[in-house]
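Here is the file target05.txt (compact mmCIF, C-alpha atoms).
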```txt
# COMPACT_ATOMS: atom_id res chain seq x y z
CA MET A 1 4.38 -6.43 -29.55
CA LYS A 2 4.29 -5.75 -25.81
CA VAL A 3 0.91 -6.59 -24.27
CA TYR A 4 0.03 -4.78 -21.06
CA ILE A 5 -2.19 -7.19 -19.18
CA GLN A 6 -4.32 -4.45 -17.58
CA ASP A 7 -5.39 -3.34 -21.10
CA THR A 8 -7.00 -6.77 -21.49
CA TYR A 9 -9.03 -6.76 -18.25
CA PRO A 10 -12.80 -7.14 -18.82
CA GLU A 11 -14.26 -3.63 -18.90
CA ASP A 12 -16.53 -4.23 -15.89
CA PHE A 13 -13.41 -4.84 -13.79
CA ALA A 14 -11.07 -2.15 -15.09
CA HIS A 15 -11.85 0.65 -12.62
CA CYS A 16 -8.96 0.02 -10.25
CA TYR A 17 -7.38 3.22 -8.92
CA GLY A 18 -4.00 1.57 -9.29
CA CYS A 19 -4.26 0.04 -12.73
CA GLY A 20 -7.67 0.34 -14.37
CA TYR A 21 -8.02 1.92 -17.82
CA GLN A 22 -11.53 3.03 -16.79
CA ASN A 23 -10.18 5.13 -13.89
CA PRO A 24 -8.95 8.48 -15.25
CA GLU A 25 -7.69 9.61 -11.83
CA GLY A 26 -5.61 6.52 -11.06
CA HIS A 27 -1.96 5.55 -11.47
CA ARG A 28 -2.47 3.39 -14.56
CA PHE A 29 0.20 0.86 -13.58
CA LYS A 30 0.86 -1.46 -16.53
CA THR A 31 2.43 -4.90 -16.42
CA TYR A 32 3.90 -6.99 -19.23
CA TYR A 33 5.65 -10.34 -19.51
CA ASP A 34 9.39 -10.36 -20.19
CA GLU A 35 9.58 -13.75 -21.90
CA GLU A 36 13.37 -13.89 -21.93
CA ALA A 37 13.67 -13.37 -18.18
CA GLY A 38 10.48 -15.29 -17.36
CA GLU A 39 9.44 -12.31 -15.26
CA THR A 40 6.61 -9.80 -15.20
CA VAL A 41 7.59 -6.15 -15.30
CA THR A 42 5.85 -2.95 -14.16
CA ARG A 43 7.55 0.43 -14.58
CA TYR A 44 6.39 3.66 -12.99
CA ARG A 45 7.79 7.10 -12.33
CA PRO A 46 6.36 8.56 -9.11
CA ALA A 47 5.22 12.19 -9.14
CA PRO A 48 7.19 14.78 -7.15
CA HIS A 49 4.43 14.83 -4.49
CA HIS A 50 4.71 11.06 -3.88
CA THR A 51 7.14 11.69 -1.03
CA ALA A 52 7.75 9.94 2.26
CA ILE A 53 10.57 11.90 3.82
CA PRO A 54 11.82 14.50 1.27
CA GLY A 55 13.92 12.78 -1.42
CA PHE A 56 12.33 9.36 -0.97
CA VAL A 57 9.29 7.58 -2.37
CA TYR A 58 6.17 7.16 -0.23
CA GLY A 59 5.90 3.57 1.06
CA GLY A 60 2.15 3.44 0.47
CA LEU A 61 2.69 4.17 -3.23
CA ILE A 62 5.25 1.37 -3.35
CA ALA A 63 2.74 -0.97 -1.68
CA SER A 64 0.15 0.09 -4.28
CA LEU A 65 2.59 -0.53 -7.12
CA ILE A 66 3.44 -3.99 -5.82
CA ASP A 67 -0.26 -4.74 -5.25
CA CYS A 68 -1.32 -4.01 -8.84
CA HIS A 69 1.87 -5.46 -10.31
CA SER A 70 1.08 -8.67 -8.42
CA SER A 71 -2.55 -8.97 -9.52
CA GLY A 72 -1.49 -8.28 -13.12
CA SER A 73 1.31 -10.83 -12.77
CA ALA A 74 -1.13 -13.41 -11.38
CA ALA A 75 -3.29 -12.99 -14.50
CA ILE A 76 -0.23 -13.41 -16.74
CA PHE A 77 1.13 -16.47 -14.92
CA LYS A 78 -2.32 -18.08 -14.81
CA MET A 79 -2.73 -17.61 -18.59
CA LEU A 80 0.76 -19.01 -19.25
CA ALA A 81 -0.03 -22.02 -17.04
CA GLU A 82 -3.08 -22.64 -19.22
CA GLY A 83 -1.03 -22.45 -22.40
CA LYS A 84 -2.31 -19.01 -23.38
CA LYS A 85 -0.34 -15.87 -24.14
CA PRO A 86 -1.22 -12.50 -22.59
CA GLY A 87 -3.54 -10.78 -25.07
CA GLU A 88 -5.27 -13.99 -26.14
CA GLY A 89 -8.70 -13.06 -24.82
CA PRO A 90 -9.63 -11.18 -21.64
CA ALA A 91 -7.30 -11.67 -18.69
CA PRO A 92 -8.55 -13.42 -15.56
CA ARG A 93 -9.10 -10.89 -12.79
CA PHE A 94 -7.29 -11.58 -9.53
CA VAL A 95 -7.66 -9.71 -6.26
CA THR A 96 -5.20 -9.52 -3.38
CA ALA A 97 -5.75 -11.68 -0.31
CA ARG A 98 -2.42 -10.88 1.37
CA LEU A 99 0.31 -8.36 0.68
CA GLU A 100 3.77 -8.26 2.26
CA VAL A 101 6.25 -5.49 1.59
CA ASP A 102 9.81 -5.35 2.92
CA TYR A 103 11.39 -1.93 2.67
CA LEU A 104 15.07 -2.91 2.57
CA LYS A 105 16.31 0.64 2.19
CA PRO A 106 14.84 4.04 1.29
CA THR A 107 13.75 4.31 -2.38
CA PRO A 108 15.04 7.51 -4.01
CA LEU A 109 12.38 9.77 -5.56
CA GLY A 110 13.29 10.61 -9.17
CA PRO A 111 14.21 7.53 -11.21
CA VAL A 112 11.68 5.29 -12.91
CA LEU A 113 10.91 2.38 -10.61
CA GLU A 114 10.91 -1.13 -12.03
CA VAL A 115 9.15 -4.03 -10.34
CA ARG A 116 9.99 -7.54 -11.52
CA GLY A 117 7.93 -10.55 -10.46
CA ARG A 118 7.96 -14.33 -10.54
CA ALA A 119 5.24 -16.84 -9.72
CA VAL A 120 6.12 -19.13 -6.85
CA GLU A 121 2.74 -20.90 -6.91
CA VAL A 122 0.02 -21.15 -9.57
CA LYS A 123 -3.12 -23.05 -8.60
CA ASP A 124 -6.63 -23.15 -9.98
CA ARG A 125 -7.90 -20.04 -8.14
CA LYS A 126 -4.74 -18.85 -6.35
CA VAL A 127 -1.37 -17.45 -7.43
CA VAL A 128 1.55 -16.34 -5.26
CA VAL A 129 3.90 -13.71 -6.71
CA GLU A 130 7.27 -12.57 -5.38
CA SER A 131 8.68 -9.28 -6.59
CA ARG A 132 11.60 -6.95 -6.22
CA LEU A 133 11.63 -3.23 -6.82
CA LEU A 134 14.59 -1.60 -8.51
CA ALA A 135 15.37 2.12 -8.44
CA GLY A 136 18.08 2.47 -11.06
CA ASP A 137 20.23 -0.58 -10.39
CA GLU A 138 19.49 -0.71 -6.71
CA GLU A 139 17.06 -3.19 -5.20
CA THR A 140 15.27 -1.30 -2.44
CA VAL A 141 12.07 -3.25 -1.78
CA ARG A 142 10.79 -6.83 -1.90
CA GLY A 143 7.17 -7.88 -2.12
CA ARG A 144 5.13 -11.05 -1.83
CA ALA A 145 1.44 -11.27 -2.62
CA VAL A 146 -1.23 -13.95 -2.49
CA LEU A 147 -3.83 -13.39 -5.18
CA VAL A 148 -7.18 -15.12 -5.61
CA LEU A 149 -9.48 -15.18 -8.57
CA LEU A 150 -12.19 -12.51 -8.22
CA PRO A 151 -14.91 -14.07 -6.05
CA LYS A 152 -18.26 -14.43 -7.88
CA GLY A 153 -20.21 -12.43 -5.28
CA MET A 154 -17.81 -9.50 -5.66
CA ALA A 155 -18.07 -9.73 -9.45
CA ARG A 156 -21.89 -9.72 -9.38
CA GLN A 157 -22.00 -6.74 -7.02
CA ALA A 158 -19.50 -4.85 -9.23
CA GLN A 159 -21.56 -5.50 -12.33
CA GLY A 160 -24.72 -4.34 -10.59
CA ALA A 161 -22.99 -1.21 -9.21
CA MET B 1 -8.42 17.70 23.43
CA LYS B 2 -7.70 15.19 20.69
CA VAL B 3 -4.08 15.39 19.48
CA TYR B 4 -3.39 14.12 15.97
CA ILE B 5 0.16 12.84 16.11
CA GLN B 6 0.96 13.81 12.50
CA ASP B 7 0.30 17.47 13.42
CA THR B 8 3.25 17.20 15.82
CA TYR B 9 5.79 15.76 13.36
CA PRO B 10 8.90 17.95 12.97
CA GLU B 11 8.31 20.15 9.92
CA ASP B 12 11.30 18.76 7.99
CA PHE B 13 9.63 15.34 8.10
CA ALA B 14 6.00 16.23 7.44
CA HIS B 15 5.90 15.88 3.64
CA CYS B 16 4.50 12.36 3.53
CA TYR B 17 1.97 11.84 0.72
CA GLY B 18 -0.05 9.73 3.13
CA CYS B 19 -0.03 11.87 6.25
CA GLY B 20 2.18 14.96 6.03
CA TYR B 21 0.73 18.41 6.77
CA GLN B 22 3.29 19.85 4.37
CA ASN B 23 1.92 17.81 1.41
CA PRO B 24 -1.15 19.58 0.00
CA GLU B 25 -1.79 16.78 -2.52
CA GLY B 26 -1.74 13.90 -0.04
CA HIS B 27 -4.35 11.99 1.93
CA ARG B 28 -3.69 13.73 5.26
CA PHE B 29 -4.32 10.61 7.35
CA LYS B 30 -4.52 11.58 11.02
CA THR B 31 -4.02 9.32 14.01
CA TYR B 32 -4.94 9.88 17.67
CA TYR B 33 -4.76 7.85 20.85
CA ASP B 34 -7.99 6.48 22.30
CA GLU B 35 -6.93 6.34 25.93
CA GLU B 36 -9.95 4.38 27.11
CA ALA B 37 -9.42 1.58 24.58
CA GLY B 38 -5.60 1.78 24.69
CA GLU B 39 -5.69 1.91 20.90
CA THR B 40 -4.63 4.31 18.19
CA VAL B 41 -7.31 5.37 15.72
CA THR B 42 -7.18 6.67 12.13
CA ARG B 43 -10.40 7.49 10.27
CA TYR B 44 -10.63 8.17 6.56
CA ARG B 45 -13.35 8.34 3.94
CA PRO B 46 -12.02 7.19 0.55
CA ALA B 47 -12.93 9.26 -2.51
CA PRO B 48 -15.30 7.78 -5.12
CA HIS B 49 -12.35 7.17 -7.47
CA HIS B 50 -10.51 5.05 -4.87
CA THR B 51 -12.04 1.89 -6.36
CA ALA B 52 -10.74 -1.62 -6.78
CA ILE B 53 -13.61 -3.47 -8.40
CA PRO B 54 -16.64 -1.10 -8.56
CA GLY B 55 -18.24 -0.80 -5.11
CA PHE B 56 -15.08 -1.71 -3.19
CA VAL B 57 -12.06 0.18 -1.84
CA TYR B 58 -8.71 -0.05 -3.64
CA GLY B 59 -6.32 -2.35 -1.75
CA GLY B 60 -3.36 -0.05 -2.32
CA LEU B 61 -5.19 2.80 -0.57
CA ILE B 62 -5.91 0.46 2.35
CA ALA B 63 -2.21 -0.48 2.47
CA SER B 64 -1.33 3.25 2.48
CA LEU B 65 -3.81 3.92 5.27
CA ILE B 66 -2.39 1.10 7.39
CA ASP B 67 1.17 2.23 6.61
CA CYS B 68 0.69 5.80 7.87
CA HIS B 69 -1.59 4.71 10.70
CA SER B 70 1.19 2.39 11.84
CA SER B 71 4.01 4.94 11.70
CA GLY B 72 1.79 7.43 13.57
CA SER B 73 0.89 4.72 16.08
CA ALA B 74 4.57 3.85 16.57
CA ALA B 75 5.26 7.49 17.48
CA ILE B 76 2.36 7.49 19.95
CA PHE B 77 3.29 4.18 21.61
CA LYS B 78 6.95 5.19 21.83
CA MET B 79 6.01 8.46 23.57
CA LEU B 80 3.70 6.63 25.97
CA ALA B 81 6.46 4.13 26.76
CA GLU B 82 8.68 7.09 27.66
CA GLY B 83 6.03 8.54 29.95
CA LYS B 84 5.07 11.33 27.55
CA LYS B 85 1.66 12.18 26.14
CA PRO B 86 1.11 12.81 22.43
CA GLY B 87 1.46 16.55 21.90
CA GLU B 88 4.20 16.97 24.54
CA GLY B 89 6.88 18.08 22.11
CA PRO B 90 7.59 16.89 18.58
CA ALA B 91 6.74 13.25 17.84
CA PRO B 92 9.51 10.77 16.99
CA ARG B 93 9.41 9.95 13.28
CA PHE B 94 9.18 6.28 12.41
CA VAL B 95 9.45 4.72 8.96
CA THR B 96 8.13 1.36 7.81
CA ALA B 97 10.51 -1.57 7.52
CA ARG B 98 7.85 -4.21 6.85
CA LEU B 99 4.15 -4.04 6.07
CA GLU B 100 1.71 -6.96 6.02
CA VAL B 101 -1.91 -6.58 4.97
CA ASP B 102 -4.52 -9.34 5.06
CA TYR B 103 -7.61 -8.55 3.02
CA LEU B 104 -10.14 -10.73 4.86
CA LYS B 105 -13.06 -9.63 2.70
CA PRO B 106 -13.82 -6.83 0.22
CA THR B 107 -14.07 -3.39 1.87
CA PRO B 108 -17.19 -1.50 0.76
CA LEU B 109 -16.57 1.94 -0.79
CA GLY B 110 -18.74 4.54 0.90
CA PRO B 111 -18.50 4.41 4.71
CA VAL B 112 -15.76 6.08 6.72
CA LEU B 113 -13.03 3.55 7.38
CA GLU B 114 -11.65 3.21 10.89
CA VAL B 115 -8.28 1.65 11.62
CA ARG B 116 -7.53 0.71 15.25
CA GLY B 117 -4.04 -0.27 16.33
CA ARG B 118 -2.18 -1.77 19.27
CA ALA B 119 1.55 -2.03 19.99
CA VAL B 120 2.77 -5.59 20.28
CA GLU B 121 6.41 -4.55 20.76
CA VAL B 122 8.04 -1.24 21.76
CA LYS B 123 11.82 -1.16 21.77
CA ASP B 124 14.37 1.63 21.67
CA ARG B 125 14.33 2.11 17.90
CA LYS B 126 11.64 -0.36 16.80
CA VAL B 127 7.89 -0.67 17.29
CA VAL B 128 5.53 -3.37 15.98
CA VAL B 129 1.89 -2.38 15.47
CA GLU B 130 -1.08 -4.62 14.73
CA SER B 131 -4.23 -3.09 13.32
CA ARG B 132 -7.69 -3.91 12.13
CA LEU B 133 -9.76 -1.96 9.66
CA LEU B 134 -13.46 -1.51 10.21
CA ALA B 135 -15.96 -0.46 7.55
CA GLY B 136 -19.09 0.30 9.54
CA ASP B 137 -19.12 -2.53 12.07
CA GLU B 138 -17.44 -5.01 9.80
CA GLU B 139 -13.77 -5.93 10.14
CA THR B 140 -12.50 -6.37 6.60
CA VAL B 141 -8.71 -6.04 6.83
CA ARG B 142 -5.90 -6.74 9.28
CA GLY B 143 -2.46 -5.18 9.22
CA ARG B 144 0.88 -5.64 10.91
CA ALA B 145 3.80 -3.26 10.52
CA VAL B 146 7.36 -3.11 11.77
CA LEU B 147 8.48 0.49 12.19
CA VAL B 148 11.95 1.80 12.86
CA LEU B 149 13.07 5.20 14.01
CA LEU B 150 14.03 7.38 11.03
CA PRO B 151 17.65 6.48 10.19
CA LYS B 152 20.06 9.41 10.63
CA GLY B 153 21.36 9.22 7.04
CA MET B 154 17.83 9.47 5.68
CA ALA B 155 17.10 12.39 7.99
CA ARG B 156 20.25 14.30 6.90
CA GLN B 157 19.47 13.75 3.22
CA ALA B 158 15.88 14.91 3.74
CA GLN B 159 17.04 18.05 5.50
CA GLY B 160 19.46 18.81 2.69
CA ALA B 161 16.82 18.16 0.00
```

Do you think you could lay out the structure here as structure tokens?
Amino acid sequence: MKVYIQDTYPEDFAHCYGCGYQNPEGHRFKTYYDEEAGETVTRYRPAPHHTAIPGFVYGGLIASLIDCHSSGSAAIFKMLAEGKKPGEGPAPRFVTARLEVDYLKPTPLGPVLEVRGRAVEVKDRKVVVESRLLAGDEETVRGRAVLVLLPKGMARQAQGA
Amino acid sequence: MKVYIQDTYPEDFAHCYGCGYQNPEGHRFKTYYDEEAGETVTRYRPAPHHTAIPGFVYGGLIASLIDCHSSGSAAIFKMLAEGKKPGEGPAPRFVTARLEVDYLKPTPLGPVLEVRGRAVEVKDRKVVVESRLLAGDEETVRGRAVLVLLPKGMARQAQGA
């Protein structure tokens, strides 16, 4: 069965506008692990109003998609590095320290977008994820993100909020 | 009088979800030139649902804000380099080729966010903008974007769409 990592975030930390199940107004991006490819996958169909120039997807939405895909991927790759499978207990919650997005060509608005990611570094509290975005069969965007485990001070403030 | 550069985008290219006046569902980010500081400025108050972890602003929204701030800034700095003032005719329309966002610390959700940008390179068809995001008096995020003048093929397709 496919496990979407965001469904296994602790409920105190599942309010993300991009991917939290506790945020009814958000995008609800969902990321799973494709074991055969060794890659994480997030699929999303933008809404008609998610335009940049007419006919093309808004770059900020793409950055958002890569952001949440990367923090979900970090959780997955961290669990795998510890010998756990996604779904075996709550996922560790990573936040983004640095995000890089290369818009190689315009991304057409219409098809489902697929982001596929790989870990290039997995450390105790830090994971680096590289991703590519496919619109149909065309690779239009590349991303790279540095994720860090949710700092304790941020966690405490969130739980008190 | 303060000129918001996005209000002067040609109407065929003003549908951006982040900053287009033709997109009623978008954020409507607006950027002006602070002549005294030599900086471009975009202010925005996130909605309560624009959360990352509770109490903090969603990183994807911050990336979107820096994205549109940067393309607006590119238009402003390009006009200034040509001896024109923002508002003197339609603004040139730049799109993002590369976006980098460094999340230095969590951005509190509540205060108006202010992004301030400077041009570090202005060429014929390319502008590089560096920005910092302030929440109250605190600098929480830095951005760098490479913008290119809207490619003709993209423009034609948009006008036919």

Could you fit chain A onto chain B with a least-squares superposition over all C-alpha atoms, matched one to one in order, and give me the transformed chain as a tab-separated table (two decimals) with C-alpha atoms, in the frame of the given file?
```tsv
chain	number	residue	atom	x	y	z
A	1	MET	CA	-8.45	17.74	23.40
A	2	LYS	CA	-7.70	15.21	20.67
A	3	VAL	CA	-4.08	15.40	19.48
A	4	TYR	CA	-3.39	14.13	15.98
A	5	ILE	CA	0.16	12.84	16.11
A	6	GLN	CA	0.95	13.80	12.50
A	7	ASP	CA	0.30	17.47	13.42
A	8	THR	CA	3.25	17.20	15.82
A	9	TYR	CA	5.79	15.76	13.36
A	10	PRO	CA	8.91	17.94	12.95
A	11	GLU	CA	8.31	20.16	9.92
A	12	ASP	CA	11.30	18.77	7.99
A	13	PHE	CA	9.63	15.34	8.08
A	14	ALA	CA	6.00	16.24	7.43
A	15	HIS	CA	5.90	15.88	3.64
A	16	CYS	CA	4.51	12.36	3.52
A	17	TYR	CA	1.97	11.83	0.74
A	18	GLY	CA	-0.07	9.74	3.14
A	19	CYS	CA	-0.03	11.88	6.25
A	20	GLY	CA	2.16	14.98	6.04
A	21	TYR	CA	0.70	18.42	6.76
A	22	GLN	CA	3.30	19.86	4.35
A	23	ASN	CA	1.93	17.81	1.42
A	24	PRO	CA	-1.14	19.58	0.00
A	25	GLU	CA	-1.81	16.79	-2.52
A	26	GLY	CA	-1.74	13.90	-0.04
A	27	HIS	CA	-4.35	11.98	1.94
A	28	ARG	CA	-3.69	13.73	5.25
A	29	PHE	CA	-4.33	10.61	7.34
A	30	LYS	CA	-4.51	11.59	11.02
A	31	THR	CA	-4.02	9.32	14.01
A	32	TYR	CA	-4.94	9.88	17.66
A	33	TYR	CA	-4.76	7.86	20.86
A	34	ASP	CA	-8.00	6.48	22.30
A	35	GLU	CA	-6.91	6.32	25.93
A	36	GLU	CA	-9.95	4.38	27.10
A	37	ALA	CA	-9.43	1.57	24.59
A	38	GLY	CA	-5.62	1.78	24.70
A	39	GLU	CA	-5.70	1.91	20.91
A	40	THR	CA	-4.63	4.31	18.19
A	41	VAL	CA	-7.31	5.36	15.73
A	42	THR	CA	-7.19	6.66	12.14
A	43	ARG	CA	-10.40	7.49	10.27
A	44	TYR	CA	-10.64	8.16	6.56
A	45	ARG	CA	-13.34	8.34	3.93
A	46	PRO	CA	-12.03	7.19	0.54
A	47	ALA	CA	-12.93	9.26	-2.52
A	48	PRO	CA	-15.31	7.79	-5.12
A	49	HIS	CA	-12.34	7.17	-7.47
A	50	HIS	CA	-10.50	5.05	-4.88
A	51	THR	CA	-12.02	1.90	-6.36
A	52	ALA	CA	-10.74	-1.63	-6.78
A	53	ILE	CA	-13.60	-3.45	-8.42
A	54	PRO	CA	-16.64	-1.09	-8.57
A	55	GLY	CA	-18.23	-0.79	-5.10
A	56	PHE	CA	-15.08	-1.71	-3.19
A	57	VAL	CA	-12.08	0.18	-1.85
A	58	TYR	CA	-8.72	-0.05	-3.64
A	59	GLY	CA	-6.34	-2.35	-1.73
A	60	GLY	CA	-3.36	-0.05	-2.31
A	61	LEU	CA	-5.19	2.79	-0.56
A	62	ILE	CA	-5.91	0.46	2.35
A	63	ALA	CA	-2.21	-0.49	2.47
A	64	SER	CA	-1.34	3.23	2.48
A	65	LEU	CA	-3.80	3.91	5.28
A	66	ILE	CA	-2.40	1.09	7.39
A	67	ASP	CA	1.17	2.23	6.62
A	68	CYS	CA	0.68	5.80	7.87
A	69	HIS	CA	-1.60	4.72	10.71
A	70	SER	CA	1.18	2.38	11.84
A	71	SER	CA	4.00	4.93	11.72
A	72	GLY	CA	1.80	7.42	13.59
A	73	SER	CA	0.89	4.71	16.10
A	74	ALA	CA	4.57	3.84	16.58
A	75	ALA	CA	5.27	7.48	17.49
A	76	ILE	CA	2.36	7.48	19.96
A	77	PHE	CA	3.29	4.17	21.61
A	78	LYS	CA	6.96	5.18	21.83
A	79	MET	CA	6.02	8.46	23.57
A	80	LEU	CA	3.69	6.63	25.98
A	81	ALA	CA	6.46	4.13	26.77
A	82	GLU	CA	8.67	7.09	27.68
A	83	GLY	CA	6.03	8.55	29.96
A	84	LYS	CA	5.07	11.34	27.55
A	85	LYS	CA	1.66	12.19	26.14
A	86	PRO	CA	1.11	12.81	22.42
A	87	GLY	CA	1.45	16.57	21.92
A	88	GLU	CA	4.20	16.96	24.53
A	89	GLY	CA	6.90	18.06	22.10
A	90	PRO	CA	7.58	16.86	18.55
A	91	ALA	CA	6.73	13.24	17.84
A	92	PRO	CA	9.50	10.78	17.00
A	93	ARG	CA	9.43	9.96	13.30
A	94	PHE	CA	9.20	6.28	12.41
A	95	VAL	CA	9.45	4.73	8.97
A	96	THR	CA	8.14	1.37	7.81
A	97	ALA	CA	10.52	-1.57	7.52
A	98	ARG	CA	7.85	-4.21	6.84
A	99	LEU	CA	4.16	-4.05	6.07
A	100	GLU	CA	1.71	-6.96	6.01
A	101	VAL	CA	-1.90	-6.58	4.97
A	102	ASP	CA	-4.52	-9.34	5.06
A	103	TYR	CA	-7.61	-8.57	3.03
A	104	LEU	CA	-10.15	-10.74	4.85
A	105	LYS	CA	-13.07	-9.65	2.70
A	106	PRO	CA	-13.83	-6.85	0.23
A	107	THR	CA	-14.08	-3.39	1.87
A	108	PRO	CA	-17.20	-1.50	0.74
A	109	LEU	CA	-16.59	1.93	-0.81
A	110	GLY	CA	-18.75	4.57	0.91
A	111	PRO	CA	-18.51	4.42	4.71
A	112	VAL	CA	-15.77	6.09	6.72
A	113	LEU	CA	-13.04	3.55	7.38
A	114	GLU	CA	-11.66	3.21	10.89
A	115	VAL	CA	-8.29	1.64	11.63
A	116	ARG	CA	-7.53	0.70	15.23
A	117	GLY	CA	-4.03	-0.28	16.35
A	118	ARG	CA	-2.17	-1.76	19.29
A	119	ALA	CA	1.55	-2.02	19.97
A	120	VAL	CA	2.77	-5.58	20.28
A	121	GLU	CA	6.41	-4.54	20.74
A	122	VAL	CA	8.04	-1.24	21.74
A	123	LYS	CA	11.83	-1.16	21.76
A	124	ASP	CA	14.37	1.62	21.69
A	125	ARG	CA	14.35	2.12	17.89
A	126	LYS	CA	11.65	-0.37	16.80
A	127	VAL	CA	7.89	-0.68	17.29
A	128	VAL	CA	5.54	-3.36	15.97
A	129	VAL	CA	1.89	-2.38	15.46
A	130	GLU	CA	-1.08	-4.64	14.73
A	131	SER	CA	-4.23	-3.10	13.32
A	132	ARG	CA	-7.69	-3.92	12.12
A	133	LEU	CA	-9.76	-1.97	9.64
A	134	LEU	CA	-13.47	-1.52	10.20
A	135	ALA	CA	-15.96	-0.47	7.54
A	136	GLY	CA	-19.08	0.30	9.55
A	137	ASP	CA	-19.11	-2.52	12.07
A	138	GLU	CA	-17.43	-5.01	9.81
A	139	GLU	CA	-13.78	-5.93	10.16
A	140	THR	CA	-12.51	-6.37	6.61
A	141	VAL	CA	-8.72	-6.05	6.83
A	142	ARG	CA	-5.90	-6.75	9.28
A	143	GLY	CA	-2.47	-5.18	9.22
A	144	ARG	CA	0.88	-5.65	10.91
A	145	ALA	CA	3.79	-3.27	10.53
A	146	VAL	CA	7.37	-3.11	11.76
A	147	LEU	CA	8.47	0.49	12.20
A	148	VAL	CA	11.97	1.81	12.85
A	149	LEU	CA	13.07	5.20	14.00
A	150	LEU	CA	14.04	7.38	11.01
A	151	PRO	CA	17.65	6.47	10.19
A	152	LYS	CA	20.07	9.41	10.61
A	153	GLY	CA	21.37	9.22	7.03
A	154	MET	CA	17.82	9.48	5.67
A	155	ALA	CA	17.11	12.41	8.00
A	156	ARG	CA	20.25	14.29	6.90
A	157	GLN	CA	19.48	13.75	3.22
A	158	ALA	CA	15.87	14.94	3.75
A	159	GLN	CA	17.03	18.08	5.50
A	160	GLY	CA	19.51	18.82	2.73
A	161	ALA	CA	16.90	18.15	0.01
```

Please provide as a short mmCIF file (atom, residue, chain, number, x, y, z; two decimals) with C-alpha atoms, in the coordinates of the input all residues within 8 Å of Pro106 in chain B, with the sequence filter that same-chain residues fewer than 4 positions apart are discarded (counting all atoms listed in the file).
```cif
data_model
loop_
_atom_site.label_atom_id
_atom_site.label_comp_id
_atom_site.auth_asym_id
_atom_site.auth_seq_id
_atom_site.Cartn_x
_atom_site.Cartn_y
_atom_site.Cartn_z
CA MET A 154 -17.81 -9.50 -5.66
CA PHE B 56 -15.08 -1.71 -3.19
CA VAL B 57 -12.06 0.18 -1.84
CA THR B 140 -12.50 -6.37 6.60
#
```

For the contact check between range 1-111 of chain B and range 61-69 of chain A, emit one row per residue of range 1-111 of chain B within 8 Å, containing the shortest atom pair and the distance in Å rounded to one decimal, counting all atoms listed in the file, chain then rising number order, as JSON lines.
```
{"residue": "B:Gly59", "atom": "CA", "partner": "A:Ser64", "partner_atom": "CA", "distance": 7.4}
{"residue": "B:Gly60", "atom": "CA", "partner": "A:Ser64", "partner_atom": "CA", "distance": 4.0}
{"residue": "B:Leu61", "atom": "CA", "partner": "A:Ser64", "partner_atom": "CA", "distance": 7.0}
{"residue": "B:Ala63", "atom": "CA", "partner": "A:Ala63", "partner_atom": "CA", "distance": 6.5}
{"residue": "B:Ser64", "atom": "CA", "partner": "A:Leu61", "partner_atom": "CA", "distance": 7.0}
```

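The residue that comes closest to Val129 in chain B, out of B:Gly160, B:Gly72, B:Pro90, B:Pro48 and on the basis of only C-alpha atoms, is B:Gly72.
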
If we count only C-alpha atoms, what is near Val101 in chain B at a cut-off of 7 Å, once residues fewer than 2 positions away on the same chain are taken out, given as a CSV table (one decimal) with C-alpha atoms, keeping the file's coordinate frame?
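File written: result.csv
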```csv
chain,number,residue,atom,x,y,z
A,98,ARG,CA,-2.4,-10.9,1.4
A,99,LEU,CA,0.3,-8.4,0.7
A,100,GLU,CA,3.8,-8.3,2.3
B,63,ALA,CA,-2.2,-0.5,2.5
B,99,LEU,CA,4.2,-4.0,6.1
B,103,TYR,CA,-7.6,-8.6,3.0
B,142,ARG,CA,-5.9,-6.7,9.3
B,143,GLY,CA,-2.5,-5.2,9.2
B,144,ARG,CA,0.9,-5.6,10.9
```

Nearest to chain A by atom-to-atom distance, counting only C-alpha atoms, from B:Gly89, B:Gly38, B:Gly26, B:Pro46
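Checking each of B:Gly89, B:Gly38, B:Gly26, B:Pro46 against chain A, counting only C-alpha atoms, the winner is B:Gly26.
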
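Distances from B:Thr8, B:Thr42, B:Asn23, B:Ser73 to chain A were compared using all atoms listed in the file, and the smallest one belongs to B:Asn23.
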
At a cut-off of 8 Å, using all atoms listed in the file, what residues contact Gln6 in chain B? Leave out same-chain residues fewer than 3 positions from it and give the result as a PyMOL selection string.
chain B and resi 9+14+19-21+30-31+72+91

Work out how far apart CA of Glu130 in chain A and CA of Val3 in chain A are and give it in Å to one decimal.
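Taking CA of Glu130 in chain A and CA of Val3 in chain A, their separation equals 20.8 Å.
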
Shell around Phe94 in chain B at 8 Å using all atoms listed in the file, local window under 6 positions removed, as a ChimeraX atom specification:
/B:71-72,74-75,147-150

Box dimensions and centre (Å, one decimal) enclosing range 85-88 of chain B, axis-aligned, 5 Å extra per side, as lines of an AutoDock Vina configuration file:
```
center_x = 2.7
center_y = 14.6
center_z = 24.0
size_x = 13.1
size_y = 14.8
size_z = 14.2
```
